[in-house]
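Structure file entry.txt (compact mmCIF, C-alpha atoms and all ligand atoms) is printed below.
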```
# COMPACT_ATOMS: atom_id res chain seq x y z
CA MET A 1 24.18 16.20 6.70
CA LYS A 2 21.16 18.48 6.41
CA MET A 3 18.27 17.17 8.51
CA THR A 4 15.04 17.13 6.48
CA ARG A 5 12.19 18.50 8.61
CA ILE A 6 9.02 16.41 8.45
CA ALA A 7 5.67 16.74 10.25
CA VAL A 8 3.09 13.97 10.60
CA ILE A 9 -0.59 14.82 10.22
CA GLY A 10 -2.75 12.19 11.91
CA GLY A 11 -1.24 10.74 15.08
CA GLY A 12 -3.08 7.40 15.08
CA ALA A 13 -1.81 3.84 14.50
CA ILE A 14 0.25 4.41 11.36
CA GLY A 15 1.07 8.03 12.29
CA ARG A 16 3.01 6.58 15.24
CA THR A 17 4.99 4.28 12.91
CA HIS A 18 5.89 7.25 10.69
CA ALA A 19 6.82 9.47 13.63
CA GLU A 20 9.08 6.76 15.04
CA ALA A 21 10.62 6.13 11.60
CA ILE A 22 11.35 9.87 11.23
CA ARG A 23 13.10 9.78 14.60
CA ALA A 24 15.04 6.60 13.70
CA CYS A 25 16.01 7.53 10.14
CA GLY A 26 19.10 9.58 10.92
CA ARG A 27 18.57 12.23 8.24
CA THR A 28 15.12 13.48 9.24
CA GLU A 29 13.74 15.55 12.09
CA LEU A 30 10.21 15.21 13.50
CA VAL A 31 8.77 18.72 13.46
CA GLY A 32 5.57 17.71 15.23
CA ILE A 33 2.29 15.81 15.21
CA VAL A 34 -0.71 17.60 13.72
CA ASP A 35 -3.98 16.19 15.04
CA PRO A 36 -7.00 17.91 16.57
CA PHE A 37 -7.94 14.91 18.70
CA ALA A 38 -6.75 13.30 21.94
CA THR A 39 -4.90 10.34 20.33
CA GLY A 40 -2.63 12.66 18.36
CA GLU A 41 -2.02 14.89 21.37
CA ALA A 42 -1.15 11.86 23.50
CA LEU A 43 1.26 10.57 20.85
CA ALA A 44 3.00 13.94 20.66
CA LYS A 45 3.32 13.98 24.44
CA GLU A 46 4.66 10.42 24.53
CA LEU A 47 7.25 11.22 21.86
CA ASP A 48 8.05 14.56 23.47
CA SER A 49 7.24 16.23 20.15
CA PRO A 50 5.45 19.52 19.45
CA HIS A 51 1.70 19.15 18.95
CA PHE A 52 -0.44 21.21 16.57
CA ARG A 53 -4.21 21.06 16.13
CA LYS A 54 -4.19 21.95 12.43
CA LEU A 55 -1.75 22.36 9.55
CA GLU A 56 -2.09 26.15 9.60
CA ASP A 57 -0.66 26.14 13.15
CA LEU A 58 2.72 24.86 11.92
CA PRO A 59 5.18 27.76 12.05
CA SER A 60 5.71 29.19 8.56
CA GLY A 61 8.74 27.70 6.81
CA ALA A 62 9.18 25.07 9.55
CA VAL A 63 8.63 21.96 7.42
CA ASP A 64 10.25 20.49 4.30
CA GLY A 65 7.64 17.73 3.93
CA VAL A 66 4.51 16.29 5.54
CA VAL A 67 3.36 12.69 6.06
CA ILE A 68 -0.43 12.43 5.74
CA ALA A 69 -1.66 9.62 8.02
CA THR A 70 -5.26 10.71 8.54
CA PRO A 71 -8.52 8.89 7.66
CA ASN A 72 -8.85 8.16 3.94
CA ALA A 73 -11.37 10.92 3.15
CA LEU A 74 -8.87 13.61 4.24
CA HIS A 75 -5.94 12.47 2.08
CA VAL A 76 -6.78 14.34 -1.13
CA PRO A 77 -7.91 17.64 0.49
CA GLN A 78 -4.88 17.74 2.81
CA ALA A 79 -2.43 16.75 0.05
CA THR A 80 -3.97 19.38 -2.23
CA ALA A 81 -3.53 22.14 0.38
CA LEU A 82 0.07 21.11 1.06
CA ILE A 83 1.09 20.81 -2.60
CA GLU A 84 -0.52 24.18 -3.29
CA ALA A 85 1.69 25.55 -0.49
CA GLY A 86 4.74 23.98 -2.21
CA ILE A 87 5.24 21.25 0.42
CA PRO A 88 6.02 17.66 -0.73
CA VAL A 89 3.79 14.96 0.73
CA LEU A 90 3.99 11.30 1.67
CA VAL A 91 0.33 10.29 1.50
CA GLU A 92 -0.79 7.12 3.22
CA LYS A 93 -2.69 4.66 1.10
CA PRO A 94 -5.29 4.75 -0.30
CA LEU A 95 -4.29 7.96 -2.07
CA GLY A 96 -7.94 9.00 -2.15
CA GLU A 97 -11.42 7.63 -2.12
CA ASN A 98 -12.00 7.82 -5.87
CA ALA A 99 -9.96 7.94 -9.07
CA GLU A 100 -11.35 11.30 -10.19
CA ALA A 101 -10.15 13.17 -7.09
CA CYS A 102 -6.82 11.36 -7.29
CA ALA A 103 -6.41 12.40 -10.95
CA GLU A 104 -6.86 16.07 -9.98
CA LEU A 105 -4.18 15.68 -7.33
CA VAL A 106 -1.81 14.05 -9.85
CA ALA A 107 -2.44 16.94 -12.26
CA LEU A 108 -1.75 19.51 -9.52
CA SER A 109 1.54 17.85 -8.61
CA ASP A 110 2.56 17.66 -12.28
CA ARG A 111 1.63 21.32 -12.82
CA THR A 112 3.43 22.64 -9.75
CA GLY A 113 6.37 20.21 -9.76
CA VAL A 114 5.80 19.55 -6.04
CA PRO A 115 6.41 15.80 -5.59
CA GLY A 116 4.31 13.22 -3.81
CA LEU A 117 4.99 9.71 -2.59
CA VAL A 118 2.29 7.17 -1.71
CA GLY A 119 2.66 4.97 1.39
CA HIS A 120 2.79 1.59 -0.37
CA HIS A 121 5.76 0.85 1.84
CA ARG A 122 6.29 -2.72 0.63
CA ARG A 123 8.10 -1.45 -2.45
CA HIS A 124 10.87 -0.30 -0.07
CA ASN A 125 11.15 -3.77 1.44
CA PRO A 126 14.31 -5.70 0.43
CA ILE A 127 12.21 -8.88 0.07
CA ILE A 128 10.13 -7.22 -2.63
CA GLN A 129 13.23 -5.67 -4.16
CA ALA A 130 14.84 -9.15 -4.41
CA ALA A 131 11.68 -10.55 -6.04
CA LYS A 132 11.57 -7.64 -8.48
CA LYS A 133 15.25 -8.16 -9.35
CA ALA A 134 14.65 -11.85 -10.18
CA ILE A 135 11.86 -10.74 -12.53
CA LEU A 136 13.98 -8.00 -14.15
CA ASP A 137 16.92 -10.41 -14.50
CA GLU A 138 14.57 -12.74 -16.42
CA ARG A 139 15.14 -15.61 -13.99
CA PHE A 140 11.40 -15.88 -13.24
CA GLY A 141 10.14 -15.67 -16.81
CA THR A 142 6.73 -14.15 -17.40
CA LEU A 143 3.88 -14.47 -14.94
CA VAL A 144 1.54 -17.40 -15.54
CA SER A 145 -0.47 -17.47 -12.32
CA GLY A 146 -0.34 -16.16 -8.79
CA THR A 147 -2.09 -16.82 -5.49
CA ILE A 148 -2.17 -14.18 -2.78
CA SER A 149 -3.63 -14.74 0.65
CA ALA A 150 -4.51 -11.66 2.69
CA THR A 151 -5.94 -13.34 5.79
CA LEU A 152 -5.85 -10.59 8.37
CA ARG A 153 -8.18 -11.19 11.31
CA LYS A 154 -8.68 -7.78 12.91
CA ALA A 155 -9.70 -7.34 16.54
CA ASP A 156 -13.38 -6.50 16.94
CA SER A 157 -12.36 -3.26 18.71
CA TYR A 158 -10.64 -2.09 15.49
CA PHE A 159 -14.13 -1.41 14.16
CA ASP A 160 -15.06 0.91 17.04
CA VAL A 161 -13.68 3.71 14.81
CA GLU A 162 -16.70 4.68 12.69
CA TRP A 163 -15.02 5.24 9.29
CA ARG A 164 -13.63 1.69 9.35
CA ARG A 165 -17.20 0.34 9.10
CA GLU A 166 -18.37 2.77 6.42
CA LYS A 167 -18.80 1.88 2.78
CA GLY A 168 -16.40 3.90 0.66
CA ALA A 169 -14.00 4.70 3.52
CA GLY A 170 -13.42 1.37 5.29
CA GLY A 171 -13.30 -2.32 4.39
CA PRO A 172 -10.38 -4.61 3.50
CA ILE A 173 -10.75 -4.00 -0.26
CA LEU A 174 -9.83 -0.34 0.09
CA ILE A 175 -7.62 -0.60 3.18
CA ASN A 176 -5.67 -3.83 2.58
CA LEU A 177 -6.24 -5.16 -0.93
CA ILE A 178 -4.85 -1.92 -2.31
CA HIS A 179 -1.38 -2.97 -1.07
CA GLU A 180 -1.73 -6.20 -3.07
CA ILE A 181 -2.84 -4.27 -6.14
CA ASP A 182 0.20 -2.02 -5.84
CA LEU A 183 2.47 -5.03 -5.37
CA VAL A 184 1.08 -6.90 -8.38
CA ARG A 185 1.39 -3.76 -10.55
CA HIS A 186 4.93 -3.17 -9.27
CA LEU A 187 6.10 -6.74 -9.95
CA PHE A 188 4.16 -7.63 -13.08
CA GLY A 189 2.77 -4.47 -14.71
CA GLU A 190 -0.69 -3.10 -15.32
CA ILE A 191 -3.93 -4.94 -14.56
CA SER A 192 -6.34 -5.06 -17.49
CA GLU A 193 -9.36 -6.94 -16.16
CA VAL A 194 -10.85 -7.87 -12.80
CA PHE A 195 -13.57 -10.08 -11.43
CA ALA A 196 -14.58 -10.36 -7.78
CA ILE A 197 -17.15 -11.46 -5.26
CA ALA A 198 -17.46 -10.10 -1.70
CA SER A 199 -19.37 -10.86 1.46
CA ASN A 200 -20.14 -9.24 4.82
CA ASP A 201 -21.45 -12.50 6.32
CA GLN A 202 -19.12 -12.50 9.32
CA ARG A 203 -19.21 -8.92 10.62
CA GLY A 204 -22.47 -7.71 9.10
CA PHE A 205 -21.21 -4.15 8.48
CA ASP A 206 -22.04 -2.13 5.36
CA VAL A 207 -18.52 -2.86 4.11
CA GLU A 208 -17.31 -6.31 3.12
CA ASP A 209 -15.27 -8.45 5.49
CA THR A 210 -14.22 -11.04 2.88
CA ALA A 211 -13.60 -11.07 -0.87
CA ALA A 212 -12.26 -13.32 -3.63
CA VAL A 213 -10.67 -11.34 -6.44
CA ILE A 214 -9.23 -12.31 -9.83
CA LEU A 215 -6.78 -10.00 -11.61
CA LYS A 216 -5.76 -10.36 -15.26
CA LEU A 217 -2.47 -8.72 -16.17
CA ALA A 218 -2.17 -6.68 -19.37
CA GLY A 219 1.02 -8.62 -20.14
CA GLY A 220 -0.69 -11.98 -19.49
CA GLY A 221 -1.08 -14.01 -16.33
CA LEU A 222 -3.83 -14.38 -13.75
CA VAL A 223 -3.59 -13.62 -10.03
CA THR A 224 -6.20 -14.62 -7.47
CA VAL A 225 -6.45 -12.89 -4.10
CA SER A 226 -8.24 -14.33 -1.09
CA LEU A 227 -8.97 -11.49 1.32
CA THR A 228 -10.59 -11.42 4.75
CA ASP A 229 -10.43 -9.34 7.93
CA ALA A 230 -12.67 -11.84 9.76
CA GLY A 231 -11.03 -15.25 9.19
CA VAL A 232 -8.13 -16.68 11.20
CA GLY A 233 -4.84 -17.78 9.62
CA PRO A 234 -1.26 -16.55 9.36
CA TRP A 235 -1.21 -16.20 5.57
CA CYS A 236 -0.88 -12.51 4.96
CA TRP A 237 2.09 -10.27 4.21
CA ASP A 238 1.83 -8.24 7.41
CA THR A 239 1.89 -11.28 9.72
CA THR A 240 4.60 -13.18 7.85
CA ALA A 241 7.08 -10.58 6.57
CA GLY A 242 8.25 -9.25 9.95
CA GLU A 243 8.00 -5.76 8.54
CA ASN A 244 6.44 -4.05 11.52
CA LEU A 245 7.22 -6.15 14.57
CA ALA A 246 5.96 -3.44 16.91
CA ARG A 247 2.45 -4.11 15.54
CA PHE A 248 2.48 -7.59 13.98
CA PRO A 249 4.10 -10.90 14.90
CA ALA A 250 6.06 -12.65 12.13
CA MET A 251 4.62 -16.13 11.59
CA PRO A 252 6.55 -18.77 9.61
CA ALA A 253 4.12 -18.99 6.68
CA VAL A 254 3.92 -17.72 3.13
CA SER A 255 1.37 -15.27 1.76
CA HIS A 256 2.22 -14.98 -1.94
CA MET A 257 2.93 -17.69 -4.52
CA PHE A 258 3.78 -16.70 -8.08
CA SER A 259 4.29 -19.12 -10.94
CA GLY A 260 6.35 -17.94 -13.91
CA THR A 261 7.38 -19.58 -17.16
CA LYS A 262 10.86 -20.29 -15.70
CA ALA A 263 10.44 -20.47 -11.90
CA GLY A 264 8.05 -20.47 -8.97
CA MET A 265 8.54 -17.88 -6.24
CA SER A 266 6.90 -17.45 -2.85
CA LEU A 267 6.94 -14.52 -0.44
CA PRO A 268 8.02 -13.46 2.05
CA ASP A 269 10.36 -16.48 2.35
CA LEU A 270 11.79 -15.79 -1.12
CA ALA A 271 11.73 -19.49 -2.02
CA PHE A 272 12.66 -19.77 -5.68
CA TRP A 273 11.80 -23.11 -7.29
CA THR A 274 13.13 -24.40 -10.60
CA HIS A 275 13.17 -27.86 -12.15
CA ALA A 276 16.39 -29.83 -11.90
CA GLY A 277 15.74 -30.92 -15.52
CA PRO A 278 13.00 -30.17 -18.04
CA ALA A 279 10.03 -28.07 -16.86
CA ASP A 280 7.69 -30.99 -16.20
CA TRP A 281 5.75 -31.68 -13.01
CA THR A 282 7.14 -35.23 -12.89
CA VAL A 283 10.70 -33.83 -12.60
CA PRO A 284 11.95 -32.80 -9.11
CA GLN A 285 12.24 -29.10 -8.36
CA GLU A 286 14.95 -27.38 -6.33
CA ASN A 287 14.62 -24.35 -4.10
CA HIS A 288 17.44 -21.81 -4.46
CA PRO A 289 16.08 -19.00 -2.27
CA LEU A 290 16.62 -15.36 -3.17
CA HIS A 291 18.03 -13.02 -0.54
CA GLY A 292 16.91 -9.65 0.79
CA LEU A 293 18.81 -7.73 3.44
CA PRO A 294 16.81 -7.08 6.61
CA ILE A 295 16.06 -3.35 6.29
CA ASP A 296 13.09 -1.65 7.98
CA SER A 297 10.81 -0.60 5.12
CA TYR A 298 9.17 2.22 7.09
CA ILE A 299 12.55 3.80 7.86
CA GLU A 300 13.65 3.26 4.26
CA GLN A 301 10.36 4.88 3.15
CA ILE A 302 11.16 7.98 5.23
CA ARG A 303 14.77 8.05 4.00
CA HIS A 304 13.46 7.89 0.43
CA PHE A 305 10.87 10.61 1.15
CA ALA A 306 13.65 12.86 2.46
CA ALA A 307 15.69 12.14 -0.69
CA VAL A 308 12.65 13.02 -2.84
CA ILE A 309 12.14 16.26 -0.89
CA GLU A 310 15.80 17.19 -1.36
CA GLY A 311 15.63 16.38 -5.09
CA GLU A 312 18.12 13.49 -4.83
CA GLU A 313 15.73 10.70 -5.89
CA SER A 314 12.49 10.58 -7.81
CA SER A 315 9.43 9.12 -6.15
CA ARG A 316 9.32 5.30 -6.23
CA ILE A 317 5.55 5.25 -5.78
CA THR A 318 4.16 8.28 -7.53
CA LEU A 319 0.80 9.91 -7.00
CA ALA A 320 -0.09 8.49 -10.44
CA ASP A 321 0.66 5.00 -9.04
CA GLY A 322 -1.64 5.72 -6.10
CA ALA A 323 -4.35 6.87 -8.52
CA ALA A 324 -3.90 3.80 -10.76
CA ASN A 325 -4.28 1.57 -7.70
CA ILE A 326 -7.54 3.30 -6.81
CA ALA A 327 -8.78 2.83 -10.36
CA VAL A 328 -8.27 -0.93 -9.99
CA ILE A 329 -10.10 -0.87 -6.64
CA GLU A 330 -13.00 0.97 -8.30
CA ALA A 331 -13.09 -1.65 -11.05
CA ILE A 332 -13.17 -4.41 -8.40
CA ARG A 333 -16.06 -2.72 -6.61
CA ARG A 334 -17.90 -2.42 -9.88
CA ALA A 335 -17.25 -6.08 -10.69
CA ILE A 336 -18.73 -7.00 -7.29
CA ALA A 337 -21.77 -4.74 -7.69
CA GLU A 338 -22.50 -5.78 -11.26
CA LYS A 339 -21.44 -9.42 -10.89
CA ARG A 340 -19.35 -9.43 -14.06
CA PRO A 341 -15.79 -8.81 -15.27
CA VAL A 342 -14.65 -5.20 -15.60
CA TYR A 343 -11.99 -4.12 -18.07
CA ILE A 344 -9.53 -1.35 -17.23
CA ASP A 345 -7.98 1.17 -19.61
CA PRO A 346 -4.20 1.23 -19.22
CA PRO A 347 -2.98 4.38 -17.44
CA THR A 348 -1.25 6.97 -19.59
CA GLN A 349 1.65 8.96 -18.18
CA ASN A 350 -0.46 11.79 -16.78
CA ALA A 351 -3.82 10.15 -16.38
CA PRO A 352 -4.51 7.14 -14.19
CA SER A 353 -6.34 4.11 -15.52
CA LYS A 354 -10.12 4.02 -15.49
CA PRO A 355 -12.68 1.23 -15.71
CA LYS A 356 -13.99 0.71 -19.23
CA ALA A 357 -17.48 -0.06 -20.40
CA MET A 358 -17.90 -3.79 -19.97
CA MET A 359 -18.31 -6.28 -22.74
CA GLU A 360 -21.71 -7.91 -22.74
N1 LIG A 401 0.72 1.73 4.98
C1 LIG A 401 0.12 0.96 5.86
O1 LIG A 401 0.49 -0.19 6.04
C2 LIG A 401 -1.03 1.49 6.66
C3 LIG A 401 -1.35 0.87 7.86
C4 LIG A 401 -2.41 1.40 8.61
C5 LIG A 401 -3.12 2.50 8.13
N2 LIG A 401 -2.79 3.04 6.92
C6 LIG A 401 -3.56 4.20 6.43
O2 LIG A 401 -3.25 5.32 7.25
C7 LIG A 401 -4.41 6.11 7.46
C8 LIG A 401 -4.69 6.22 8.95
O3 LIG A 401 -4.99 4.93 9.44
P1 LIG A 401 -4.86 4.59 11.00
O4 LIG A 401 -5.15 3.15 11.12
O5 LIG A 401 -3.59 5.14 11.52
O6 LIG A 401 -6.10 5.41 11.54
P2 LIG A 401 -6.33 5.98 13.01
O7 LIG A 401 -7.79 6.18 13.15
O8 LIG A 401 -5.62 5.11 14.01
O9 LIG A 401 -5.58 7.39 12.98
C9 LIG A 401 -6.04 8.48 12.28
C10 LIG A 401 -5.61 9.74 13.04
O10 LIG A 401 -6.00 10.89 12.27
C11 LIG A 401 -6.48 11.88 13.20
N3 LIG A 401 -7.31 12.86 12.51
C12 LIG A 401 -8.64 12.79 12.22
N4 LIG A 401 -9.02 13.91 11.59
C13 LIG A 401 -7.91 14.69 11.48
C14 LIG A 401 -7.66 15.98 10.92
N5 LIG A 401 -8.64 16.69 10.34
N6 LIG A 401 -6.41 16.47 10.98
C15 LIG A 401 -5.41 15.78 11.57
N7 LIG A 401 -5.59 14.55 12.13
C16 LIG A 401 -6.83 14.02 12.08
C17 LIG A 401 -7.21 11.07 14.26
O11 LIG A 401 -7.34 11.80 15.46
C18 LIG A 401 -6.27 9.87 14.41
O12 LIG A 401 -5.30 10.11 15.40
C19 LIG A 401 -5.54 5.44 6.68
O13 LIG A 401 -5.63 6.08 5.44
C20 LIG A 401 -5.06 4.01 6.51
O14 LIG A 401 -5.58 3.41 5.34
C21 LIG A 401 -1.76 2.57 6.21
```

As structure tokens, how would this structure be written, given the file I've shared?
Ligand SMILES: NC(=O)c1ccc[n+]([C@@H]2O[C@H](COP(=O)([O-])OP(=O)(O)OC[C@H]3O[C@@H](n4cnc5c(N)ncnc54)[C@H](O)[C@@H]3O)[C@@H](O)[C@H]2O)c1
Amino acid sequence: MKMTRIAVIGGGAIGRTHAEAIRACGRTELVGIVDPFATGEALAKELDSPHFRKLEDLPSGAVDGVVIATPNALHVPQATALIEAGIPVLVEKPLGENAEACAELVALSDRTGVPGLVGHHRRHNPIIQAAKKAILDERFGTLVSGTISATLRKADSYFDVEWRREKGAGGPILINLIHEIDLVRHLFGEISEVFAIASNDQRGFDVEDTAAVILKLAGGGLVTVSLTDAGVGPWCWDTTAGENLARFPAMPAVSHMFSGTKAGMSLPDLAFWTHAGPADWTVPQENHPLHGLPIDSYIEQIRHFAAVIEGEESSRITLADGAANIAVIEAIRRAIAEKRPVYIDPPTQNAPSKPKAMME
């Protein structure tokens, strides 16, 4: 089998996960780590991989694709340069810092035909795939309500890195909530309206540490998300799903509860509750759990990226998806700033969604 040659730009926390996944995938080769700073150089040394200070230092024709795992502000400029050079990209989330820049990137990819994939890795997880299948098979019904907990207490030292404290670049709304937005859109379709409140009471940085967010789905249904990087508790995807055991322990708790017209489903345990008789809260319910094979989503993400590069599969999480997720994040920020609901135009095929003028 042809080995697809992939470089990683940004050798920090998630860059390491990507580099290791490239090594473990079986059909990909790690060309090198591109990073001007000491962390990236140390990672390259540890992995016994070539190290480059900038993209231009990569030998010409040496890569088939690049994973962009740098700070958020660099994603769009680096992806733009790579796509212009004809090189497919896997861009870490968030795709960019604002919807406008993301839309230009989407247009460039459409115009050139050079594909992109966004690092919303959960879509590659068999747990999510099993949940999605139950929805597509019409066993769940339509979404009525959902509760998502993203309780992810980060170590104080995490915030030693400056951009993680900066408004616009850091904060759990952009860094973590965006995974929930992508998941909700993936499972249940577009989001049409948001309302939210945020606080920085615990950490006192410019960015929020906690938020309560309400999402209304275009197809009906309400989802509430409780988000914090300051509060303690096991109820978040990362610390329950066992998806990245090198970084996060897997606690026996649930993080997502979705109620449909036919069934209730929680994640990541894939409990699937239906009434033993009529749908009535006085009637007992039975749990017939769904099943997902234990596959490493980061390795599957790299396998899929290689297949996209080689033209065997089309991108599961397109740049347009990444842009639509950012548009929802922008609407949430606006709802917080203006203390009112914000309505979102549905995305069209080539243009991501954008917040609409609000109703008085
Ligand atoms: N998908 C996920 O679950 C997930 C998890 C963590 C982080 N992320 C995303 O990945 C990105 C990186 O996050 P992180 O936590 O790994 O950050 P990090 O600070 O640990 O790593 C960033 C790396 O980029 C390097 N860098 C800075 N400027 C560079 C440049 N001009 N060229 C090349 N390298 C440069 C830094 O030296 C550092 O090694 C962020 O966008 C973050 O949101 C995604």

Leaving out Val34 of chain A and any residue of its chain fewer than 5 positions from it, which residues lie within 9 Å of it when counting only C-alpha atoms, given as a list of chain:residue names? A:Ala7, A:Val8, A:Ile9, A:Gly10, A:Gly11, A:Gly40, A:Glu41, A:Ala44, A:Pro50, A:His51, A:Phe52, A:Arg53, A:Lys54, A:Leu55, A:Asp57, A:Leu58

May I have a table of the residues of chain A lying at most 8 Å from ligand LIG 401 (chain A), giving each one's closest pair of atoms and their distance in Å to one decimal, counting all atoms listed in the file, ordered by chain and ascending residue number, as a Markdown table?
```
| residue | atom | partner | partner_atom | distance |
| --- | --- | --- | --- | --- |
| A:Ile9 | CA | A:LIG401 | C15 | 5.1 |
| A:Gly10 | CA | A:LIG401 | O10 | 3.5 |
| A:Gly11 | CA | A:LIG401 | O12 | 4.1 |
| A:Gly12 | CA | A:LIG401 | O9 | 3.3 |
| A:Ala13 | CA | A:LIG401 | O5 | 3.7 |
| A:Ile14 | CA | A:LIG401 | O5 | 3.9 |
| A:Gly15 | CA | A:LIG401 | O5 | 5.5 |
| A:Arg16 | CA | A:LIG401 | O5 | 7.7 |
| A:Val34 | CA | A:LIG401 | C15 | 5.5 |
| A:Asp35 | CA | A:LIG401 | N7 | 3.7 |
| A:Pro36 | CA | A:LIG401 | C15 | 5.7 |
| A:Phe37 | CA | A:LIG401 | O11 | 4.5 |
| A:Ala38 | CA | A:LIG401 | O11 | 6.7 |
| A:Thr39 | CA | A:LIG401 | O12 | 5.0 |
| A:Gly40 | CA | A:LIG401 | O12 | 4.7 |
| A:Arg53 | CA | A:LIG401 | C15 | 7.1 |
| A:Lys54 | CA | A:LIG401 | N6 | 6.1 |
| A:Leu55 | CA | A:LIG401 | N6 | 7.6 |
| A:Ile68 | CA | A:LIG401 | C7 | 7.7 |
| A:Ala69 | CA | A:LIG401 | C7 | 4.5 |
| A:Thr70 | CA | A:LIG401 | O10 | 3.8 |
| A:Pro71 | CA | A:LIG401 | O13 | 4.6 |
| A:Asn72 | CA | A:LIG401 | O13 | 4.1 |
| A:Ala73 | CA | A:LIG401 | O13 | 7.8 |
| A:Leu74 | CA | A:LIG401 | N5 | 6.8 |
| A:His75 | CA | A:LIG401 | O13 | 7.2 |
| A:Glu92 | CA | A:LIG401 | O2 | 5.1 |
| A:Lys93 | CA | A:LIG401 | O14 | 5.3 |
| A:Pro94 | CA | A:LIG401 | O14 | 5.8 |
| A:Leu95 | CA | A:LIG401 | O13 | 7.9 |
| A:Gly119 | CA | A:LIG401 | N1 | 5.2 |
| A:His120 | CA | A:LIG401 | N1 | 5.7 |
| A:His121 | CA | A:LIG401 | N1 | 6.0 |
| A:Val161 | CA | A:LIG401 | O7 | 6.6 |
| A:Leu174 | CA | A:LIG401 | O14 | 7.7 |
| A:Ile175 | CA | A:LIG401 | O14 | 5.0 |
| A:Asn176 | CA | A:LIG401 | O14 | 7.7 |
| A:His179 | CA | A:LIG401 | O1 | 7.9 |
```

Using all atoms listed in the file, find all polymer residues with an atom at most 10 Å away from the point (7.5, 18.7, -3.0); report them as a PyMOL selection string. chain A and resi 64-66+82-90+109+112-117+305+308-311

Name all residues at most 9 Å from Thr142 of chain A (count all atoms listed in the file; drop same-chain ones fewer than 3 positions away) and give them as a list in words. Ile135, Glu138, Phe188, Gly219, Gly220, Gly221, Ser259, Gly260, Thr261 and Lys262 of chain A

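A straight line drawn from atom CA of Gly146 of chain A to atom CA of His291 of chain A is 20.4 Å long.
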
I'd like the neighbourhood of Arg303 of chain A as JSON, numbers by chain, where a residue qualifies if any of its atoms comes within 10 Å (using all atoms listed in the file), though same-chain residues fewer than 4 positions away should be ignored. {"A": [4, 21, 22, 24, 25, 26, 27, 28, 297, 298, 299, 307, 308, 309]}

With 10 Å as the cut-off and all atoms listed in the file counted, what is the closest atom pair between each nearby residue of segment 111-172 of chain A and segment 238-242 of chain A? Distances in Å to one decimal, ordered by chain and number, as JSON lines.
```
{"residue": "A:Arg122", "atom": "CA", "partner": "A:Asp238", "partner_atom": "CA", "distance": 9.8}
{"residue": "A:Asn125", "atom": "CA", "partner": "A:Ala241", "partner_atom": "CA", "distance": 9.4}
{"residue": "A:Ile127", "atom": "CA", "partner": "A:Ala241", "partner_atom": "CA", "distance": 8.5}
{"residue": "A:Ala150", "atom": "CA", "partner": "A:Asp238", "partner_atom": "CA", "distance": 8.6}
{"residue": "A:Thr151", "atom": "CA", "partner": "A:Thr239", "partner_atom": "CA", "distance": 9.0}
{"residue": "A:Leu152", "atom": "CA", "partner": "A:Thr239", "partner_atom": "CA", "distance": 7.9}
```

Store the residues picked out above in a file with C-alpha atoms, as a short mmCIF file (atom, residue, chain, number, x, y, z; two decimals), in the coordinates of the input.
```cif
data_model
loop_
_atom_site.label_atom_id
_atom_site.label_comp_id
_atom_site.auth_asym_id
_atom_site.auth_seq_id
_atom_site.Cartn_x
_atom_site.Cartn_y
_atom_site.Cartn_z
CA ARG A 122 6.29 -2.72 0.63
CA ASN A 125 11.15 -3.77 1.44
CA ILE A 127 12.21 -8.88 0.07
CA ALA A 150 -4.51 -11.66 2.69
CA THR A 151 -5.94 -13.34 5.79
CA LEU A 152 -5.85 -10.59 8.37
#
```
